[in-house]
Structures are given as C-alpha cells and as structure tokens.
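In what follows, a structure is listed as structure tokens, so that the remarks can point back to it.
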Number of protein chains: 2
Amino acid sequence: MEIQGLPGRVLDELGPAIASGEIPEGAVLRGEELEQRFGVSRTVVREAVRVLEGMRLVASRRRVGITVQPKSLWDVFDPMVIRWRLAGADRSAQLRSLGSLRMAVEPAAAALAATHATDDDRRQLSSLAVELTVAAREADLTTFLGHDIAFHALVLRASGNEMFAHLGDTVGAVLTGRTEYHLMPHQPEPYAIRLHREVADAICGGDAAHAEQAMRTIVTGALAELNQQLG
Amino acid sequence: MEIQGLPGRVLDELGPAIASGEIPEGAVLRGEELEQRFGVSRTVVREAVRVLEGMRLVASRRRVGITVQPKSLWDVFDPMVIRWRLAGADRSAQLRSLGSLRMAVEPAAAALAATHATDDDRRQLSSLAVELTVAAREADLTTFLGHDIAFHALVLRASGNEMFAHLGDTVGAVLTGRTEYHLMPHQPEPYAIRLHREVADAICGGDAAHAEQAMRTIVTGALAELNQQLG
DNA sequence: ATCGCTTCAAAGATATGACGTATTCAAGTG
DNA sequence: CACTTGAATACGTCATATCTTTGAAGCGAT
C-alpha cells in the first residue's frame, strides 16, 4: 500500500529522514541536489517532493529551494508520516501521542460498536476473543499479537465510523511496535485477556457502557505500561 | 495553506470532484484526458495525480489509467480530503463522522489540558471564555463563531498532544460549516456558553475530571443538535 | 549611512519530445 | 478449449528548453 515506482523509492528514503528529524526543520534542499543523491531525473524528484508537500513536511519556494517545514505543520495523521516517525528517532513521542489518541478513541469506538456492529462483526469479535485467550494461554506471542491487532481493528471498524475505522492500521502499528520494543518481556496478562473477552461480550450483548468501560481499562493499562517503559 | 501553482489548481477541481463522489469509485481517468480538460502539461497532471495518490484517493496503474479508489481506502484524516468532503455531497456523512470524533477527542483533550496547559494557555482560555460570553450576549454571531473556534482549538492545543492539536483546524471547519448550514437559527444557548466557562475554569484550576465532563456535555449537545438537523 | 530603486541570477515551474516498460486484450496455435 | 504470443496502450522516466518568480547584490540619491 505504498507509493510505487521511483518516486516511491525516493520517498522511502527522504520521508523517514525528514520525519525522524535527521534532516531538521528549516533545512533547505535543492531539487538538483536530490536528483544527484538519488540518481533520478527531475520528474521523479518533483513528484516525490509534491507528495511530501501534500503531507506538509516540506514547502517548495522559487529561488529558495525545498524547505523542511516546522513539525507543528506536519500532517501527523498521515499513515506514512506515522510509520516514518515510529521507525525513527521520534518513536517515543509518537507512541505517547498515539497512546493518548487510543485512550480517547477506542472506548468511544467500543461504545458505538455495541449498537452499530453487524451480526457478522459480533461473531468475528467473539471468535477473536476466544482465539486470543487460547494464544495467550499457549504463550504464542506472535499469534497473540496478530489476533490482538485484528481485535482492536475490528472494534474500530464495527463502530461504523469511517474515521475510527481508519485508525485500525495505526493501532496495529502501535501494538506491533510495542511488542517489538520491549521484546515481549512477559506473557500477556490474564487480566488484560479477560478484559478483551469482556469487551467482546459487551459489544455482542449491546451493552455500550460496559464495552466502553472495559475498553477504557485496556487502553489505560496499555498507556500506563507505555509510560513506565518510556520513563 | 494550499498546494500552489498549476498542480494546485488541478487539485482544487479534481479533488472535490472525487471526494464528493461526482467522479465515482472505480472510475478511470486518463492522464491525457486530464491534460486537455485542464489545459496543462503532463508534468502538472502527474504531480497533481501523485498528490491524490498520496491521499489514497486514486491509484495509477500502467496500461489502465488513474483509478478512483474505494472510499474505504481514502485518507479520511487528510485535512484537504475533509475540506473537500465538507464542501460536497458527502457533507452530512463527514459531519457525522467528525461529530463522533469530537465526542471522543475533545473531552480527553480537555482533561489533558487541565494538567498540561501552560500559564499562558490558561490566561488565553479564560479570556476567550469571557469574550465568548460577551459576543453571545450581544448576539454577534460572527464574532462568537470566531471565538468558539479559537476556544476549541486552544483546548486541543493545550492538551500537549500534537495529534489532538492538529484537529483544531478540522473542528474549526465543522463549527464554521455548522453555522453556515442551519444559518444560525437562534442565538447561542446560554447553557452552552456557561459550559464553555466551566471548561475554562476547570482547566485553569487543574480539575481534569470536571473539564472533561463539561466538555463532554458540550460536544454531546453539539452532536445531538447535528443529528436532529440531519434527521 | 540609510533608504529605495534597478538589475541580475538562482531555483523552481511548466512544456514538450523521446523512449522505456508493464499490462491488458485478443489473435493465433496446438 | 486452453495456452501462447504479440501488439497496442497508457503510464513511467529521462532530457532539454524556456518561463517565472524572487532573494540579493549593486548603486545612486537623499
């Protein structure tokens, strides 16, 4: 789900470099310089730069060059920007931001899902909760992670809100990053597992308040754990 | 804060056409066709299309053309996409989505602001709450709208979370759209005004729970009003 | 010395022609 | 009927020329 071709290759190198702060705010690049650096033509550089401009990471001005914009202007919701920041030096800050965002969105999504989920959503949710429990009991962390991601993405999608639904991938990236980061120090806590089942049951039963509460407990725990990890 | 030059002009016409559904999902455009339609060169068309591709509104494939992607793939958090949808036929759906998002985010932002706001933030917040009250009493709806937007943006910014902060403009667009939409049927409700002061006071006093609660009441009311308007 | 105008050059913006390349579709073949 | 093959097509990339904007240097007048 990337941008393809040569502009994509340029983006894959230039985007992370900017998003991670390696190329700092206010730095000025020249088109010709980028052509040489990547060994591509003007066309390719311009298209890549246009995409970065669309994300508000850079601004191009005549007679000046391509200027890296201040972070406050970046489209911090752009999935590519999020990925790039998660992969680079801004990782901690990005995880914190996303933690708060999850804290706000996921309980609300769970509440909405309790009233908006389709029958099929509910079935899948129950099923995932069970598989999650099994994977946890067997300490199969890879499978567990996959199901955990699917579970949270499904709740977000089942909320019926397209904007919530689109955070599914981002939350997935956070969960992946988290397990990669502290290298899965312990098997998933039984309490957290139970909460996932609670969320599933509440959504299936149409109990919005309960679903919201249980989900809030989950993300509160995740945020606390994150803050502990990051100091 | 737009993309400039000829590609910007192409975007300003093509983007809304796609985002509003006027050009439906699955439609295929050819680069040459766009060149003629807008009277610009390949260079310009390609750059504009690349930006749309970055927003996941279209995908370009060899031998096929430029395909409008299904809505489910669009970057619904991209500010440009949001603006385009608010301006077009998708307006209601977009307002609903944003309503739920506000419902999730703004109370959380208010709570965070109570502990993270700077002294200057708190001063400005108090000041805005007062001016808001004055403008409401004088039934100066234009001034009121401006202060209302500034108020919500400030709370989001004061939360200290960059992602929340970036929703300021979007919330502003919602508020503007709302007053334009139902043509300011009545002067702002005194109760809503009082709630804004409550939010400001709670944040200034560091009372996170109260700030969150008052903000929740505000956005709940806004969402209810919206649902009433839209049926 | 400072202000304001002119001039120049740097760098992006746009247009265009040529060629490369993947992909689809259909004709042809077994 | 299935498979192969080839040609047409539309995007992808490169190279080059020209235009436009704009920051900065130069310069004269007050």
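Chain labels follow the order of the structure tokens: the first chain is A, the next B, and so on; residue numbering restarts at 1 in every chain, and ligands are counted from 1 in their shown order.
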
(Q) Distance limit 12 Å, atoms considered: only C-alpha atoms (C1' of nucleotides). Which chain D residues sit that close to chain B? Return them as JSON, numbers by chain. (A) {"D": [8, 9, 10, 11, 12, 13, 20, 21]}

(Q) Give me the residues near Asn161 (chain B) as a list in words, where near means some atom within 10 Å (using only C-alpha atoms (C1' of nucleotides)) and where sequence neighbours in that chain fewer than 6 positions away do not count. (A)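 Here the qualifying residues turn out to be Ala93, Gln94, Arg96, Ser97, Leu98, Gly99, Ser100 and Leu101 of chain A; Ala109, Leu112, Ala113 and His116 of chain B.
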
Q | Contact set, chain A to chain B: 7 Å, only C-alpha atoms, as a PyMOL selection string | A | chain A and resi 47+50-51+54+76-78+97+104-105+108+161-163

Counting only C-alpha atoms (C1' of nucleotides), give me one row per residue of chain C with an atom at most 9 Å from an atom of chain A, showing the shortest contact pair and its distance in Å to one decimal, sorted by chain then residue number, as a Markdown table.
```
| residue | atom | partner | partner_atom | distance |
| --- | --- | --- | --- | --- |
| C:DA10 | C1' | A:Arg63 | CA | 5.7 |
| C:DA11 | C1' | A:Arg63 | CA | 4.3 |
| C:DG12 | C1' | A:Arg62 | CA | 4.6 |
| C:DA13 | C1' | A:Arg62 | CA | 8.4 |
```

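Every protein, DNA or RNA residue with an atom at most 9 Å from Ala202 (chain A), where only C-alpha atoms (C1' of nucleotides) count and chain neighbours fewer than 3 positions away do not, is listed here: Ala110, Ala114, Arg197, Glu198, Val199, Gly205, Gly206, Asp207, Ala208, Ala209, His210, Ala211, Glu212 and Ala214 of chain A.
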
Q | Neighbour list for DT16 (chain C) as a ChimeraX atom specification, cut-off 12 Å, only C-alpha atoms (C1' of nucleotides), skip fewer than 2 positions in-chain | A | /B:40-43 /C:14,18 /D:15-18

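The coordinates place CA of Gln69 (chain B) at 5.4 Å from CA of Leu57 (chain B).
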
Quick check for you: according to DSSP on this backbone, which residues of region 27-177 of chain B are classed as alpha helix (DSSP H)? Reply as a PDB file with C-alpha atoms, in the first residue's frame.
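Result written to part_36.pdb:
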```
ATOM      1  CA  GLY B  31      -3.635  11.383 -17.992  1.00  0.00           C
ATOM      2  CA  GLU B  32      -4.063  12.785 -21.479  1.00  0.00           C
ATOM      3  CA  GLU B  33      -7.731  13.417 -20.814  1.00  0.00           C
ATOM      4  CA  LEU B  34      -6.848  15.462 -17.738  1.00  0.00           C
ATOM      5  CA  GLU B  35      -4.236  17.407 -19.689  1.00  0.00           C
ATOM      6  CA  GLN B  36      -6.897  18.529 -22.117  1.00  0.00           C
ATOM      7  CA  ARG B  37      -9.577  19.085 -19.517  1.00  0.00           C
ATOM      8  CA  PHE B  38      -7.365  21.459 -17.563  1.00  0.00           C
ATOM      9  CA  ARG B  42       1.777  16.176 -18.432  1.00  0.00           C
ATOM     10  CA  THR B  43       4.154  17.420 -15.772  1.00  0.00           C
ATOM     11  CA  VAL B  44       1.400  19.262 -13.988  1.00  0.00           C
ATOM     12  CA  VAL B  45      -1.157  16.493 -14.265  1.00  0.00           C
ATOM     13  CA  ARG B  46       1.290  13.903 -12.998  1.00  0.00           C
ATOM     14  CA  GLU B  47       2.197  15.960  -9.963  1.00  0.00           C
ATOM     15  CA  ALA B  48      -1.417  16.575  -9.077  1.00  0.00           C
ATOM     16  CA  VAL B  49      -2.221  12.901  -9.503  1.00  0.00           C
ATOM     17  CA  ARG B  50       0.710  11.951  -7.313  1.00  0.00           C
ATOM     18  CA  VAL B  51      -0.689  14.074  -4.510  1.00  0.00           C
ATOM     19  CA  LEU B  52      -4.103  12.454  -4.886  1.00  0.00           C
ATOM     20  CA  GLU B  53      -2.334   9.114  -4.831  1.00  0.00           C
ATOM     21  CA  GLY B  54      -0.670  10.130  -1.579  1.00  0.00           C
ATOM     22  CA  PRO B  79      -7.303  17.959   6.021  1.00  0.00           C
ATOM     23  CA  MET B  80      -7.756  18.519   2.317  1.00  0.00           C
ATOM     24  CA  VAL B  81      -9.956  15.476   1.962  1.00  0.00           C
ATOM     25  CA  ILE B  82     -12.031  16.601   4.916  1.00  0.00           C
ATOM     26  CA  ARG B  83     -12.480  20.066   3.435  1.00  0.00           C
ATOM     27  CA  TRP B  84     -13.419  18.663   0.062  1.00  0.00           C
ATOM     28  CA  ARG B  85     -15.969  16.317   1.554  1.00  0.00           C
ATOM     29  CA  LEU B  86     -17.441  19.034   3.730  1.00  0.00           C
ATOM     30  CA  ALA B  87     -17.916  21.151   0.638  1.00  0.00           C
ATOM     31  CA  ARG B  91     -21.157  16.727   3.767  1.00  0.00           C
ATOM     32  CA  SER B  92     -23.614  15.011   6.099  1.00  0.00           C
ATOM     33  CA  ALA B  93     -21.631  11.819   6.411  1.00  0.00           C
ATOM     34  CA  GLN B  94     -18.486  13.807   7.051  1.00  0.00           C
ATOM     35  CA  LEU B  95     -20.190  15.912   9.716  1.00  0.00           C
ATOM     36  CA  ARG B  96     -21.442  12.793  11.466  1.00  0.00           C
ATOM     37  CA  SER B  97     -18.012  11.202  11.453  1.00  0.00           C
ATOM     38  CA  LEU B  98     -16.430  14.347  12.752  1.00  0.00           C
ATOM     39  CA  GLY B  99     -19.116  14.635  15.398  1.00  0.00           C
ATOM     40  CA  SER B 100     -18.200  11.241  16.818  1.00  0.00           C
ATOM     41  CA  LEU B 101     -14.543  12.085  16.609  1.00  0.00           C
ATOM     42  CA  ARG B 102     -15.053  15.284  18.560  1.00  0.00           C
ATOM     43  CA  MET B 103     -17.081  13.309  21.075  1.00  0.00           C
ATOM     44  CA  ALA B 104     -14.105  11.056  21.635  1.00  0.00           C
ATOM     45  CA  VAL B 105     -11.278  13.540  21.451  1.00  0.00           C
ATOM     46  CA  GLU B 106     -12.386  16.834  22.917  1.00  0.00           C
ATOM     47  CA  PRO B 107     -13.250  15.604  26.409  1.00  0.00           C
ATOM     48  CA  ALA B 108      -9.944  13.757  26.554  1.00  0.00           C
ATOM     49  CA  ALA B 109      -8.154  16.865  25.345  1.00  0.00           C
ATOM     50  CA  ALA B 110      -9.856  18.979  27.990  1.00  0.00           C
ATOM     51  CA  ALA B 111      -8.764  16.560  30.689  1.00  0.00           C
ATOM     52  CA  LEU B 112      -5.189  16.626  29.473  1.00  0.00           C
ATOM     53  CA  ALA B 113      -5.258  20.388  29.159  1.00  0.00           C
ATOM     54  CA  ALA B 114      -6.156  20.683  32.836  1.00  0.00           C
ATOM     55  CA  THR B 115      -2.793  19.221  33.729  1.00  0.00           C
ATOM     56  CA  HIS B 116      -0.657  20.199  30.730  1.00  0.00           C
ATOM     57  CA  ASP B 119       0.035  29.559  32.229  1.00  0.00           C
ATOM     58  CA  ASP B 120      -0.327  31.467  29.014  1.00  0.00           C
ATOM     59  CA  ASP B 121      -2.770  28.897  27.663  1.00  0.00           C
ATOM     60  CA  ARG B 122      -4.873  29.254  30.798  1.00  0.00           C
ATOM     61  CA  ARG B 123      -4.883  33.013  30.545  1.00  0.00           C
ATOM     62  CA  GLN B 124      -5.963  32.937  26.924  1.00  0.00           C
ATOM     63  CA  LEU B 125      -8.604  30.365  27.710  1.00  0.00           C
ATOM     64  CA  SER B 126     -10.148  32.492  30.431  1.00  0.00           C
ATOM     65  CA  SER B 127     -10.027  35.496  28.209  1.00  0.00           C
ATOM     66  CA  LEU B 128     -11.697  33.645  25.353  1.00  0.00           C
ATOM     67  CA  ALA B 129     -14.428  32.344  27.617  1.00  0.00           C
ATOM     68  CA  VAL B 130     -15.247  35.887  28.641  1.00  0.00           C
ATOM     69  CA  GLU B 131     -15.243  37.238  25.109  1.00  0.00           C
ATOM     70  CA  LEU B 132     -17.371  34.303  24.074  1.00  0.00           C
ATOM     71  CA  THR B 133     -19.930  35.232  26.690  1.00  0.00           C
ATOM     72  CA  VAL B 134     -19.935  38.855  25.606  1.00  0.00           C
ATOM     73  CA  ALA B 135     -20.344  38.034  21.938  1.00  0.00           C
ATOM     74  CA  ALA B 136     -23.183  35.658  22.765  1.00  0.00           C
ATOM     75  CA  ARG B 137     -24.974  38.240  24.900  1.00  0.00           C
ATOM     76  CA  LEU B 141     -22.714  35.503  15.794  1.00  0.00           C
ATOM     77  CA  THR B 142     -19.709  36.132  13.592  1.00  0.00           C
ATOM     78  CA  THR B 143     -17.529  37.149  16.499  1.00  0.00           C
ATOM     79  CA  PHE B 144     -18.982  34.335  18.542  1.00  0.00           C
ATOM     80  CA  LEU B 145     -18.059  31.783  15.909  1.00  0.00           C
ATOM     81  CA  GLY B 146     -14.519  33.089  15.744  1.00  0.00           C
ATOM     82  CA  HIS B 147     -14.072  32.850  19.486  1.00  0.00           C
ATOM     83  CA  ASP B 148     -15.749  29.469  19.647  1.00  0.00           C
ATOM     84  CA  ILE B 149     -13.333  28.107  17.075  1.00  0.00           C
ATOM     85  CA  ALA B 150     -10.391  29.665  18.883  1.00  0.00           C
ATOM     86  CA  PHE B 151     -11.597  28.227  22.168  1.00  0.00           C
ATOM     87  CA  HIS B 152     -11.860  24.654  20.967  1.00  0.00           C
ATOM     88  CA  ALA B 153      -8.587  24.899  19.066  1.00  0.00           C
ATOM     89  CA  LEU B 154      -6.871  26.216  22.156  1.00  0.00           C
ATOM     90  CA  VAL B 155      -8.137  23.402  24.351  1.00  0.00           C
ATOM     91  CA  LEU B 156      -6.902  20.900  21.789  1.00  0.00           C
ATOM     92  CA  ARG B 157      -3.529  22.585  21.580  1.00  0.00           C
ATOM     93  CA  ALA B 158      -3.203  22.991  25.334  1.00  0.00           C
ATOM     94  CA  GLU B 162       0.292  17.107  18.833  1.00  0.00           C
ATOM     95  CA  MET B 163      -2.319  14.875  17.240  1.00  0.00           C
ATOM     96  CA  PHE B 164      -5.125  16.480  19.208  1.00  0.00           C
ATOM     97  CA  ALA B 165      -3.704  19.879  18.388  1.00  0.00           C
ATOM     98  CA  LEU B 167      -7.611  18.550  14.915  1.00  0.00           C
ATOM     99  CA  GLY B 168      -8.079  22.219  15.770  1.00  0.00           C
ATOM    100  CA  ASP B 169      -8.488  23.313  12.188  1.00  0.00           C
ATOM    101  CA  THR B 170     -10.815  20.461  11.430  1.00  0.00           C
ATOM    102  CA  VAL B 171     -13.040  21.251  14.387  1.00  0.00           C
ATOM    103  CA  GLY B 172     -12.983  24.843  13.231  1.00  0.00           C
ATOM    104  CA  ALA B 173     -14.220  23.741   9.836  1.00  0.00           C
ATOM    105  CA  VAL B 174     -17.028  21.799  11.480  1.00  0.00           C
ATOM    106  CA  LEU B 175     -18.105  24.764  13.562  1.00  0.00           C
ATOM    107  CA  THR B 176     -17.997  27.072  10.562  1.00  0.00           C
ATOM    108  CA  GLY B 177     -19.910  24.582   8.466  1.00  0.00           C
TER     109      GLY B 177
END
```

Q. Which residues, written as a PyMOL selection string, have at least one atom at most 12 Å from DA25 (chain D), with only C-alpha atoms (C1' of nucleotides) counted and residues fewer than 4 positions away on the same chain left out?
A. chain C and resi 6-9

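Pairwise distance (CA of Val68 (chain B), CA of Pro16 (chain B)) equals 12.5 Å.
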
Q.
Can you pull out every residue from region 3-179 of chain B that DSSP, working from the backbone, puts in strand (DSSP E or B), and format the result as an MDAnalysis selection string?
A. chainID B and resid 28:29 58:61 65:68
